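K.L.:
As input, take work-v3.txt (compact mmCIF, C-alpha atoms):
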```
# COMPACT_ATOMS: atom_id res chain seq x y z
CA MET A 5 0.00 0.00 0.00
CA ARG A 6 2.75 2.40 1.00
CA TYR A 7 4.58 1.57 -2.21
CA ILE A 8 1.53 2.36 -4.36
CA ARG A 9 1.18 5.72 -2.64
CA SER A 10 4.90 6.47 -2.99
CA SER A 11 4.95 5.47 -6.66
CA LEU A 12 2.03 7.79 -7.37
CA ILE A 13 3.88 10.65 -5.66
CA VAL A 14 7.11 9.89 -7.54
CA ALA A 15 5.28 9.73 -10.87
CA ALA A 16 3.46 13.01 -10.15
CA VAL A 17 6.74 14.76 -9.30
CA TRP A 18 8.29 13.40 -12.48
CA LEU A 19 5.37 14.67 -14.59
CA LEU A 20 5.64 18.05 -12.90
CA LEU A 21 9.35 18.34 -13.59
CA SER A 22 9.31 17.06 -17.16
CA GLY A 23 6.43 18.81 -18.91
CA HIS A 24 6.87 16.63 -22.03
CA TYR A 25 4.06 14.24 -22.86
CA THR A 26 5.24 12.05 -25.77
CA ALA A 27 5.12 8.26 -25.49
CA LEU A 28 8.91 7.82 -25.43
CA ILE A 29 9.54 10.38 -22.70
CA LEU A 30 6.58 9.11 -20.65
CA SER A 31 7.94 5.57 -20.77
CA PHE A 32 11.33 6.84 -19.59
CA GLY A 33 9.47 8.47 -16.72
CA ALA A 34 7.65 5.26 -15.85
CA VAL A 35 10.89 3.27 -15.88
CA SER A 36 12.74 5.78 -13.72
CA SER A 37 9.84 5.92 -11.22
CA LEU A 38 9.91 2.13 -11.01
CA ILE A 39 13.66 2.17 -10.39
CA VAL A 40 13.18 4.68 -7.56
CA ILE A 41 10.48 2.51 -6.00
CA TRP A 42 12.76 -0.50 -6.33
CA PHE A 43 15.49 1.41 -4.43
CA MET A 44 12.97 2.31 -1.74
CA TRP A 45 11.91 -1.29 -1.43
CA ARG A 46 15.52 -2.40 -1.05
CA MET A 47 16.25 0.24 1.57
CA ASP A 48 13.18 -0.57 3.63
CA ARG A 49 14.65 -3.97 4.37
CA VAL A 50 17.21 -2.17 6.46
CA ASP A 51 15.01 0.52 7.95
CA GLU A 52 11.32 -0.06 8.59
CA GLN A 53 10.80 3.26 10.35
CA LEU A 54 8.62 5.76 8.57
CA GLY A 55 9.22 9.30 9.71
CA VAL A 56 6.72 11.66 8.14
CA LEU A 57 5.91 15.05 9.56
CA PRO A 58 2.09 15.32 9.76
CA MET A 59 0.85 18.39 7.89
CA ARG A 60 -1.12 19.93 10.72
CA PRO A 61 -1.65 23.68 11.03
CA ARG A 62 0.67 23.67 14.07
CA VAL A 63 3.50 22.14 12.02
CA LEU A 64 3.03 24.71 9.26
CA TYR A 65 3.05 27.45 11.90
CA TYR A 66 6.28 26.01 13.31
CA LEU A 67 7.92 26.02 9.86
CA LEU A 68 6.95 29.66 9.34
CA TRP A 69 8.26 30.52 12.82
CA LEU A 70 11.49 28.69 12.00
CA MET A 71 11.88 30.70 8.77
CA TRP A 72 11.52 33.89 10.79
CA GLN A 73 14.18 32.70 13.26
CA VAL A 74 16.46 31.92 10.32
CA VAL A 75 16.02 35.47 9.01
CA LEU A 76 16.73 36.97 12.46
CA SER A 77 19.90 34.97 13.05
CA ASN A 78 21.03 35.68 9.48
CA ILE A 79 20.81 39.41 10.20
CA ASP A 80 22.87 38.90 13.36
CA LEU A 81 25.47 36.86 11.48
CA VAL A 82 25.74 39.37 8.61
CA ARG A 83 26.38 42.10 11.20
CA ARG A 84 29.15 40.00 12.76
CA ILE A 85 30.77 39.23 9.40
CA TRP A 86 31.00 42.87 8.28
CA ASP A 87 32.12 44.14 11.69
CA PRO A 88 35.84 45.05 11.34
CA THR A 89 36.65 43.54 14.76
CA LEU A 90 35.00 40.20 13.87
CA PRO A 91 33.15 39.74 17.18
CA ILE A 92 32.93 35.95 17.28
CA ARG A 93 33.73 33.54 20.10
CA PRO A 94 33.13 30.00 18.81
CA THR A 95 32.24 27.40 21.40
CA TRP A 96 31.40 23.74 21.23
CA GLN A 97 29.15 22.61 24.04
CA ARG A 98 26.78 19.99 25.27
CA LEU A 99 23.09 20.89 25.01
CA ASP A 100 20.69 18.86 27.15
CA ILE A 101 17.40 18.10 25.46
CA LYS A 102 13.93 17.25 26.71
CA VAL A 103 12.40 15.87 23.50
CA THR A 104 12.44 12.08 23.33
CA SER A 105 10.91 10.77 20.10
CA SER A 106 13.33 10.32 17.22
CA LEU A 107 11.19 12.43 14.88
CA ALA A 108 11.20 15.34 17.34
CA LYS A 109 14.94 14.97 17.84
CA THR A 110 15.53 14.99 14.09
CA LEU A 111 13.41 18.09 13.70
CA TYR A 112 15.16 19.85 16.59
CA ALA A 113 18.68 18.99 15.41
CA ASN A 114 17.92 20.05 11.86
CA SER A 115 16.30 23.28 13.02
CA ILE A 116 19.41 24.11 15.05
CA THR A 117 21.64 23.44 12.05
CA LEU A 118 19.43 25.37 9.64
CA THR A 119 19.69 28.48 11.81
CA PRO A 120 23.00 30.12 10.89
CA GLY A 121 25.33 30.53 13.85
CA THR A 122 24.50 27.23 15.50
CA LEU A 123 25.36 23.74 14.25
CA THR A 124 24.54 20.30 15.64
CA THR A 125 27.55 18.03 15.36
CA ASP A 126 26.31 15.04 17.33
CA VAL A 127 22.96 13.58 18.38
CA ARG A 128 22.94 11.33 21.44
CA GLU A 129 20.29 9.79 23.68
CA ASP A 130 19.77 12.78 25.98
CA HIS A 131 21.95 15.57 24.59
CA PHE A 132 23.25 17.21 21.43
CA MET A 133 26.72 18.56 20.83
CA VAL A 134 26.25 22.05 19.43
CA HIS A 135 28.87 24.31 17.88
CA SER A 136 28.01 27.97 18.06
CA LEU A 137 29.67 31.07 16.66
CA SER A 138 29.11 32.92 19.93
CA PRO A 139 28.00 31.80 23.40
CA ASP A 140 24.73 33.74 22.91
CA GLY A 141 23.59 31.21 20.34
CA ILE A 142 23.79 28.32 22.78
CA GLU A 143 22.29 30.39 25.60
CA ASP A 144 19.26 31.10 23.40
CA LEU A 145 18.86 27.37 22.76
CA ARG A 146 19.19 26.60 26.50
CA LYS A 147 16.31 28.99 27.19
CA GLY A 148 14.34 26.46 25.19
CA GLY A 149 12.04 28.56 23.00
CA MET A 150 12.59 26.34 19.99
CA GLU A 151 12.36 23.14 22.02
CA GLU A 152 9.02 24.21 23.55
CA GLN A 153 7.64 24.89 20.08
CA ILE A 154 8.65 21.38 19.01
CA GLN A 155 7.23 19.76 22.15
CA ARG A 156 3.92 21.50 21.49
CA LEU A 157 3.72 19.83 18.07
CA GLY A 158 3.06 16.55 19.85
CA ILE A 159 5.29 14.32 17.68
CA MET B 180 1.05 46.86 -10.18
CA THR B 181 3.67 45.40 -12.50
CA VAL B 182 5.99 48.29 -11.64
CA ILE B 183 5.72 47.45 -7.93
CA LEU B 184 6.43 43.78 -8.66
CA GLU B 185 9.43 44.74 -10.78
CA TRP B 186 10.90 46.85 -7.99
CA LEU B 187 10.14 44.24 -5.34
CA SER B 188 11.79 41.56 -7.45
CA GLY B 189 14.79 43.79 -8.09
CA LEU B 190 15.12 44.45 -4.37
CA CYS B 191 15.00 40.73 -3.59
CA LEU B 192 17.63 39.95 -6.23
CA LEU B 193 19.88 42.77 -5.01
CA LEU B 194 19.58 41.63 -1.37
CA GLY B 195 20.28 38.05 -2.43
CA GLY B 196 23.40 39.13 -4.29
CA VAL B 197 24.66 41.18 -1.35
CA LEU B 198 24.04 38.22 0.98
CA CYS B 199 25.95 35.89 -1.36
CA ILE B 200 28.94 38.26 -1.23
CA THR B 201 28.55 38.44 2.55
CA GLY B 202 28.73 34.64 2.77
CA GLY B 203 31.90 34.66 0.68
CA VAL B 204 33.51 37.40 2.76
CA GLY B 205 32.58 35.47 5.90
CA MET B 206 34.21 32.33 4.54
CA LEU B 207 37.43 34.29 3.99
CA ARG B 208 37.41 36.12 7.32
CA MET B 209 36.49 33.27 9.65
CA PRO B 210 39.44 31.64 11.42
CA ASP B 211 38.68 27.90 11.33
CA PHE B 212 36.58 25.26 9.61
CA PHE B 213 33.63 25.27 11.98
CA SER B 214 33.11 29.02 11.92
CA ARG B 215 33.40 28.97 8.12
CA VAL B 216 30.51 26.55 7.98
CA HIS B 217 28.37 29.12 9.82
CA ALA B 218 29.35 31.80 7.31
CA SER B 219 28.43 29.61 4.36
CA GLY B 220 25.01 29.16 5.97
CA VAL B 221 24.13 32.74 5.05
CA THR B 222 24.39 31.91 1.38
CA GLU B 223 22.20 28.85 1.64
CA THR B 224 19.52 29.87 4.11
CA LEU B 225 18.80 33.47 3.16
CA ALA B 226 20.58 34.40 -0.07
CA ALA B 227 19.21 31.51 -2.12
CA PRO B 228 15.58 32.01 -0.98
CA MET B 229 15.92 35.75 -1.68
CA LEU B 230 17.22 35.15 -5.22
CA LEU B 231 14.56 32.52 -5.93
CA SER B 232 11.69 34.65 -4.64
CA GLY B 233 13.04 37.53 -6.70
CA LEU B 234 12.78 35.27 -9.76
CA LEU B 235 9.33 34.07 -8.68
CA LEU B 236 8.02 37.63 -8.61
CA GLN B 237 9.14 38.20 -12.21
CA MET B 238 7.59 35.14 -13.82
CA GLU B 239 3.90 34.60 -14.38
CA LEU B 240 2.27 31.73 -12.48
CA SER B 241 3.05 28.53 -14.40
CA LEU B 242 4.69 25.13 -14.09
CA ASP B 243 8.04 26.89 -13.91
CA SER B 244 7.15 28.74 -10.73
CA VAL B 245 6.23 25.41 -9.10
CA LYS B 246 9.67 24.16 -10.11
CA VAL B 247 11.33 27.18 -8.53
CA ILE B 248 9.42 26.55 -5.29
CA MET B 249 10.59 22.92 -5.38
CA ILE B 250 14.20 24.09 -5.77
CA LEU B 251 13.67 26.35 -2.77
CA ILE B 252 12.35 23.48 -0.63
CA LEU B 253 15.19 21.24 -1.81
CA VAL B 254 17.86 23.81 -0.88
CA LEU B 255 16.34 24.37 2.57
CA ALA B 256 15.91 20.65 3.23
CA THR B 257 19.38 19.55 2.14
CA ASN B 258 21.34 22.36 3.78
CA PRO B 259 21.21 20.98 7.37
CA THR B 260 21.99 17.47 6.17
CA ALA B 261 25.05 18.54 4.21
CA THR B 262 26.27 20.89 6.95
CA HIS B 263 25.87 18.25 9.64
CA SER B 264 27.65 15.56 7.66
CA MET B 265 30.56 17.90 6.88
CA ALA B 266 30.95 18.83 10.54
CA LYS B 267 30.67 15.23 11.65
CA ALA B 268 33.25 14.12 9.08
CA THR B 269 35.63 16.82 10.28
CA LEU B 270 35.23 15.73 13.91
CA HIS B 271 35.68 12.13 12.87
CA GLY B 272 38.87 13.13 11.06
CA GLY B 273 40.27 14.36 14.36
CA GLN B 274 39.98 18.13 13.93
CA ARG B 275 38.51 19.86 17.00
CA PRO B 276 36.83 23.29 17.18
CA GLN B 277 39.22 25.99 18.39
CA GLU B 278 38.35 28.87 20.66
CA PHE B 279 38.78 32.36 19.30
CA ALA B 280 38.11 35.81 20.62
CA ASN B 281 38.02 38.75 18.19
CA GLY B 282 39.70 36.65 15.53
CA LYS B 283 42.66 35.58 17.69
CA ASN B 284 43.22 32.01 18.83
CA ILE B 285 43.06 31.93 22.63
CA GLY B 286 43.91 28.24 22.86
CA GLY B 287 41.89 25.33 24.17
CA ASP B 288 39.53 23.30 22.07
CA GLY B 289 36.43 25.04 23.43
CA SER B 290 34.67 21.86 24.32
CA SER B 291 32.93 20.42 27.29
CA LYS B 292 33.29 16.67 27.12
CA PRO B 293 30.49 14.89 25.25
```
How would this structure read if it were set down as structure tokens?
P.N.:
Amino acid sequence: MRYIRSSLIVAAVWLLLSGHYTALILSFGAVSSLIVIWFMWRMDRVDEQLGVLPMRPRVLYYLLWLMWQVVLSNIDLVRRIWDPTLPIRPTWQRLDIKVTSSLAKTLYANSITLTPGTLTTDVREDHFMVHSLSPDGIEDLRKGGMEEQIQRLGI
Amino acid sequence: MTVILEWLSGLCLLLGGVLCITGGVGMLRMPDFFSRVHASGVTETLAAPMLLSGLLLQMELSLDSVKVIMILILVLATNPTATHSMAKATLHGGQRPQEFANGKNIGGDGSSKP
């Protein structure tokens, strides 16, 4: 069932990207979709976990909020880069986390990395290792605004 | 209306270009690998979306604009993965983050033990 759904999605994406509708090209598309599904089938033997972010309004709100955070920290970073004194103090520290599910952890770690100025280097059972361009970045994460947002998603 | 769109698009493209240059300057100014990764983040997370939305504003709504949006999503989704794997590979290779203050190395590897 999952494979039928995935193959429909893959075929739709292919149609969207190609925009040519002759028999030859369409058959190429069908073959390449089948190859992709075959790869997925092979990989699922290793990993049965299915991690899909549910498209709830809360999740969409979180993504928008995240985009805004990215813009804010970009502005901060641009200011630091053009400052003649280069006011950076890189640190690499342990960040304790409260989220437990692997999906929430993935989302949190990726959100940290996507925000410029902070970078997750390691994901462990109960903590991340985070590299930050200045101690403020890690302090902001410790205050837990982003983590609370993720906990509220209920994933 | 089209004039406003033109100007808005031009502004987005200009900002995107400036941010790209900023990312490059950051790469050159930063002292070590890990801080350079942060600088390159500017190019990927804000400059690329700015350039792409500037292009979006210029084209009429069609299949091509859907493609541009897909490129945007792809860039934003792959950036953390690539960044994380680079950093992890560097750590695995034995290089540790250094501590700097105002661009000068102040020694120590800036870590609390994992």
K.L.:
For stretch 252-256 of chain B, please output as a PyMOL selection string all residues within 12 Å (counting only C-alpha atoms; exclusion window: fewer than 6 positions along the same chain).
P.N.:
(chain A and resi 67+70-71+74+111+114-115+117-119) or (chain B and resi 220-228+231-232+245-246+262)
K.L.:
Rank A:Val75, A:Ile13, A:Leu64, A:Ile92 by their smallest atom-to-atom distance to A:Leu38, using all atoms listed in the file, and report the top residue only.
P.N.:
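Once distances to A:Leu38 are computed over all atoms listed in the file, the minimum belongs to A:Ile13.
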K.L.:
Considering all atoms listed in the file, state which residue in the set B:Gly272, B:Pro210, B:Gly202, B:Gly233 is at the smallest distance from B:Leu187.
P.N.:
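Smallest distance to B:Leu187 is found for B:Gly233.
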K.L.:
Provide as a count of residues only the residues of chain A at most 10 Å from chain B, counting all atoms listed in the file.
P.N.:
52
K.L.:
Of the residues B:Gly273, B:Phe212, B:Leu234, B:Ile248, which is the one nearest to B:Cys191, using all atoms listed in the file?
P.N.:
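Looking only at the distances to B:Cys191, the closest residue turns out to be B:Leu234.
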K.L.:
Please put the answer as lines of an AutoDock Vina configuration file: centre and edge lengths, in Å with one decimal, of a box along x, y and z that encloses all listed atoms of stretch 249-254 of chain B plus 4 Å on each side.
P.N.:
```
center_x = 14.2
center_y = 23.8
center_z = -3.2
size_x = 15.3
size_y = 13.1
size_z = 13.1
```
K.L.:
So that I can see what lies close to stretch 180-183 of chain B, please list as a list in words the residues with an atom at most 12 Å from it, counting all atoms listed in the file and leaving out residues fewer than 2 positions away in the same chain.
P.N.:
Glu185, Trp186, Leu187, Ser188, Gly189, Leu190, Leu236, Gln237, Met238 and Glu239 of chain B
